[in-house]
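A short worksheet on the structure shown next.
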Amino acid sequence: MALERKAPTELGSESVGKLLKKYAVPGIIAMTASSLYNMVDSIFIGHIPDVGSLALAGLAVTFPLMNLSAALGTLVGVGAATLTSVLLGQKNYDAANKVLANDISLNCITGVVFAVLCLLFINPILYFFGASDNTLVFAREYMQIILVGNVITHLYFGLNALLRSSGNPRLAMRLTLFTVISNTILDPIFIFVLGLGIRGAAIATVLCQAMALSYSLRYFMRKDNVPHLPKKVFALDLRIAKDSLSIGMGPFLMNSASCIVTMFINQQLLRYGGDLAIGAYGIANRINFMFIMVVMGFNQGMQPIAGYNFGALKYSRVRKIFKLTAMWATFVCLFWIIASELFPGVMVSIFTSDTSLKEMADKGLRIMNPLVLIVGWQMVSTNFFQSLGMVKKSIFLSLSRQLLYLVPLIYILPSSMGINGVFLAFPCSDLLACITTLILIRNLFRKFDKLEDGDEPSILGSNIKQ
């Protein structure tokens, strides 16, 4: 009986609006904090005396590699979180415990393998991702530390996702806030006081994640929590692992595509604008990331609600949560476009005092973001498909904007427009991706209209077995 009291049954009975507020607000705070967490390193690194601009460009070069690491983490973590939500909706608590154990085991395996391979070939990998002789040393110093702590990062984000999906969004939020605050305190100490430079930023990052991870592990060891760690923590269940990985394949491919695309972007930026252009894109990307994380916070609030009610065959509630989340995501994007078009200089100046770098980042931000108003609901739609286990559609939408549209455009447009063409490729791909998403989401809701609560969802083509 203790297990049933701990399970988040409110997800199937409470008002959808109240649930989204309860789950999304902690998610928004956590994801906004996460964006600030990523920005903190950039802000302090950009103000290192004499080498700040080059160090910032070196940090930007590491983005594709960090995205690839994140892709492996989401392959395991997002799939496990989605599967857990549905299993809790079905009241299958033993299976949810096994998903947690698999999440830990798979994250350990992928984290170690990825780190070892990257450390062995770190120089050629960074050159491949756009490093120059001037920025290689900074990129290498940062990534070596990050890779050593890669398993910690994978486990921290994986367990944080499971905290949210199992009905504990506030705890997930508090742990994220802890890492942000502690990183903000430790960064200047390691970078400036101890004189460790860009390495100090990486050490602070890993150390803060390790502290948050230790608390998450203690939480899941309590037997009165659902899910909790079974006795055989590192025992892999191949069927659960397969289901989890298949659901996580969409965000995995999205992050992998982001890695590939960023590599191409860096190469084009280096070609048409040099190291300064890469640094400018790094700043613009960090600023955009902050708004993207707010939308992702809404997605995180939507995911357990949609997954639970889909597992409980309550389709009317599934429809409501999507529409409400899409509406709020659009409001976020309205503020996003106002900030990036009217006040780009204010945001850019936080990262650097270099006049040339500020001018280029300011221009890049203005060109990249005129159509972000339509991006929010597209992101929600992609996450919605993934939350329901509709892997193929989620994968297609995840890849279409970046690989199908953005990559060709960053090579076609600069041939006649130079560096401006690289930045202009972003709004063009946003428009094409939103048109594609509209077609798929309308088709899905036509199918939803044919279902009554309690009907079997075979018509929808979900990968999650009832």
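Chain labels follow the order of the structure tokens: the first chain is A, the next B, and so on; residue numbering restarts at 1 in every chain, and ligands are counted from 1 in their shown order.
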
Which residues are near stretch 421-434 of chain A? Cut-off 7 Å, only C-alpha atoms, ignore same chain within fewer than 6 positions. Put them as a PDB file with C-alpha atoms, in the first residue's frame.
ATOM      1  CA  GLY A 364      24.020  37.219 -35.701  1.00  0.00           C
ATOM      2  CA  ILE A 367      19.403  37.600 -38.216  1.00  0.00           C
ATOM      3  CA  MET A 368      18.886  34.212 -36.560  1.00  0.00           C
ATOM      4  CA  ASN A 369      15.689  34.915 -34.624  1.00  0.00           C
ATOM      5  CA  PRO A 370      12.956  36.727 -36.623  1.00  0.00           C
ATOM      6  CA  LEU A 371      10.760  33.586 -36.841  1.00  0.00           C
ATOM      7  CA  ILE A 374       6.540  29.741 -34.439  1.00  0.00           C
ATOM      8  CA  VAL A 375       9.286  27.562 -32.955  1.00  0.00           C
ATOM      9  CA  GLN A 378       7.008  22.880 -33.020  1.00  0.00           C
ATOM     10  CA  SER A 400      13.943  17.534 -40.289  1.00  0.00           C
ATOM     11  CA  ARG A 401      14.820  21.041 -39.103  1.00  0.00           C
ATOM     12  CA  TYR A 405      16.652  21.903 -43.932  1.00  0.00           C
ATOM     13  CA  LEU A 406      19.416  23.659 -41.987  1.00  0.00           C
ATOM     14  CA  LEU A 409      20.945  26.118 -46.282  1.00  0.00           C
ATOM     15  CA  ILE A 410      24.167  26.891 -44.384  1.00  0.00           C
ATOM     16  CA  LEU A 413      23.090  30.878 -48.616  1.00  0.00           C
ATOM     17  CA  PRO A 414      26.680  31.894 -47.656  1.00  0.00           C
TER      18      PRO A 414
END

message: as number ranges by chain, please: the residues near A:Val348 (cut-off 7 Å, only C-alpha atoms, same-chain neighbours under 4 positions excluded).
response: A: 283, 344, 352, 358, 361-362

Suppose we keep N, CA and C atoms; can you now write the selection as a short mmCIF file (atom, residue, chain, number, x, y, z; two decimals), in the first residue's frame?
data_model
loop_
_atom_site.label_atom_id
_atom_site.label_comp_id
_atom_site.auth_asym_id
_atom_site.auth_seq_id
_atom_site.Cartn_x
_atom_site.Cartn_y
_atom_site.Cartn_z
N ILE A 283 28.08 32.93 -28.47
CA ILE A 283 27.33 33.83 -27.59
C ILE A 283 25.84 33.81 -27.96
N PRO A 344 19.43 43.06 -28.32
CA PRO A 344 20.52 42.07 -28.42
C PRO A 344 21.82 42.54 -27.79
N THR A 352 31.02 39.45 -23.17
CA THR A 352 32.31 39.96 -23.64
C THR A 352 32.32 41.48 -23.68
N LYS A 358 31.33 41.74 -29.95
CA LYS A 358 29.98 42.19 -29.61
C LYS A 358 29.18 42.56 -30.86
N ALA A 361 28.21 39.30 -32.77
CA ALA A 361 27.21 38.52 -32.04
C ALA A 361 25.85 39.21 -32.09
N ASP A 362 25.84 40.54 -31.99
CA ASP A 362 24.62 41.33 -32.07
C ASP A 362 23.94 41.12 -33.42
#

message: Can you tell me which residues surround stretch 385-398 of chain A at a distance of at most 10 Å, considering only C-alpha atoms, apart from same-chain residues fewer than 5 positions away, and format the answer as an NGL selection string?
response: :A and (78-79 or 81-83 or 85-86 or 243-244 or 246-258 or 299-300 or 302-311 or 318 or 378-380 or 403-404 or 433-434 or 436-437 or 440-441 or 444 or 460-465)

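Here atom CA of A:Leu213 stands at a distance of 28.2 Å from atom CA of A:Thr382.
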
- prompt: Between A:Val112, A:Met417, A:Ile145, A:Ala241, which is the closest to A:Gly200 once you count only C-alpha atoms?
  reply: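 Going through A:Val112, A:Met417, A:Ile145, A:Ala241 one by one, the smallest distance to A:Gly200 is for A:Ile145.
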
Within 12 Å of A:Lys21 using only C-alpha atoms, minus same-chain residues under 3 positions, as a tab-separated table (two decimals) with C-alpha atoms, in the first residue's frame:
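So the final result, stored in result_4.tsv, reads:
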chain	number	residue	atom	x	y	z
A	14	GLU	CA	-6.28	16.48	-11.11
A	15	SER	CA	-7.15	19.40	-13.41
A	16	VAL	CA	-4.80	19.46	-16.41
A	17	GLY	CA	-4.17	23.18	-15.97
A	18	LYS	CA	-3.23	22.76	-12.32
A	24	ALA	CA	5.97	22.88	-15.54
A	25	VAL	CA	6.89	25.65	-13.10
A	26	PRO	CA	9.60	23.54	-11.41
A	27	GLY	CA	10.64	22.36	-14.87
A	28	ILE	CA	10.87	25.92	-16.17
A	29	ILE	CA	12.85	27.05	-13.15
A	169	PRO	CA	9.46	17.89	-10.19
A	170	ARG	CA	10.22	20.16	-7.23
A	297	GLY	CA	10.61	23.30	-19.08
A	298	PHE	CA	7.03	23.30	-20.34
A	299	ASN	CA	7.81	20.12	-22.26
A	300	GLN	CA	9.11	18.52	-19.08
A	301	GLY	CA	5.89	19.47	-17.33
A	302	MET	CA	3.83	18.04	-20.17
A	305	ILE	CA	1.10	14.16	-17.62
A	321	ILE	CA	-2.27	18.97	-22.07
A	324	LEU	CA	-2.21	24.08	-23.18
A	325	THR	CA	1.54	23.47	-23.39
A	328	TRP	CA	2.31	28.72	-23.25

task: May I have the residues within 6 Å of A:Gly46 as a list in words, using only C-alpha atoms and disregarding those fewer than 3 positions away in the same chain?
output: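 Answer for this query is Ser42, Ile43, Gly52, Ser53, Leu56, Phe351 and Thr352 of chain A.
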
- prompt: For A:Leu106, which residue out of A:Leu126, A:Cys118, A:Leu75, A:Thr135 is the nearest one, using only C-alpha atoms?
  reply: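 Checking each candidate against A:Leu106, we get A:Leu75 as the closest.
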
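Distances here use only C-alpha atoms; by that measure, the residue among A:Phe157, A:Tyr411, A:Tyr215, A:Tyr315 closest to A:Gln268 is A:Tyr411.
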
task: Would you kindly return, as a list in words, each protein, DNA or RNA residue with an atom no farther than 8 Å from any atom of A:Thr179, considering only C-alpha atoms and excluding same-chain residues fewer than 4 positions away?
output: Tyr37, Leu175, Asn183, Cys208, Gln209 and Ala212 of chain A

How about saving the chosen residues, C-alpha atoms kept, as an mmCIF file, in the first residue's frame?
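File written: selection.cif
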data_model
loop_
_atom_site.group_PDB
_atom_site.id
_atom_site.type_symbol
_atom_site.label_atom_id
_atom_site.label_comp_id
_atom_site.auth_asym_id
_atom_site.auth_seq_id
_atom_site.Cartn_x
_atom_site.Cartn_y
_atom_site.Cartn_z
ATOM 1 C CA TYR A 37 24.364 26.982 -15.583
ATOM 2 C CA LEU A 175 18.870 19.910 -7.400
ATOM 3 C CA ASN A 183 28.736 26.527 -10.041
ATOM 4 C CA CYS A 208 28.631 20.495 -8.776
ATOM 5 C CA GLN A 209 27.002 17.708 -10.775
ATOM 6 C CA ALA A 212 23.696 16.708 -6.932
#

query: Near A:Leu72, within 8 Å and counting only C-alpha atoms, which residues show up once chain neighbours fewer than 3 positions away are dropped, as an NGL selection string?
result: :A and (68-69 or 75-76 or 110-111 or 252)

All alpha helix (DSSP H) residues (DSSP, backbone) inside stretch 55-213 of chain A, as a ChimeraX atom specification: /A:55-61,63-89,93-120,122-128,136-148,150-165,169-188,197-213

- line: Using only C-alpha atoms, the shortest atom-to-atom distance to A:Asn102 among A:Ala312, A:Ala329, A:Leu245, A:Ile48 belongs to A:Leu245
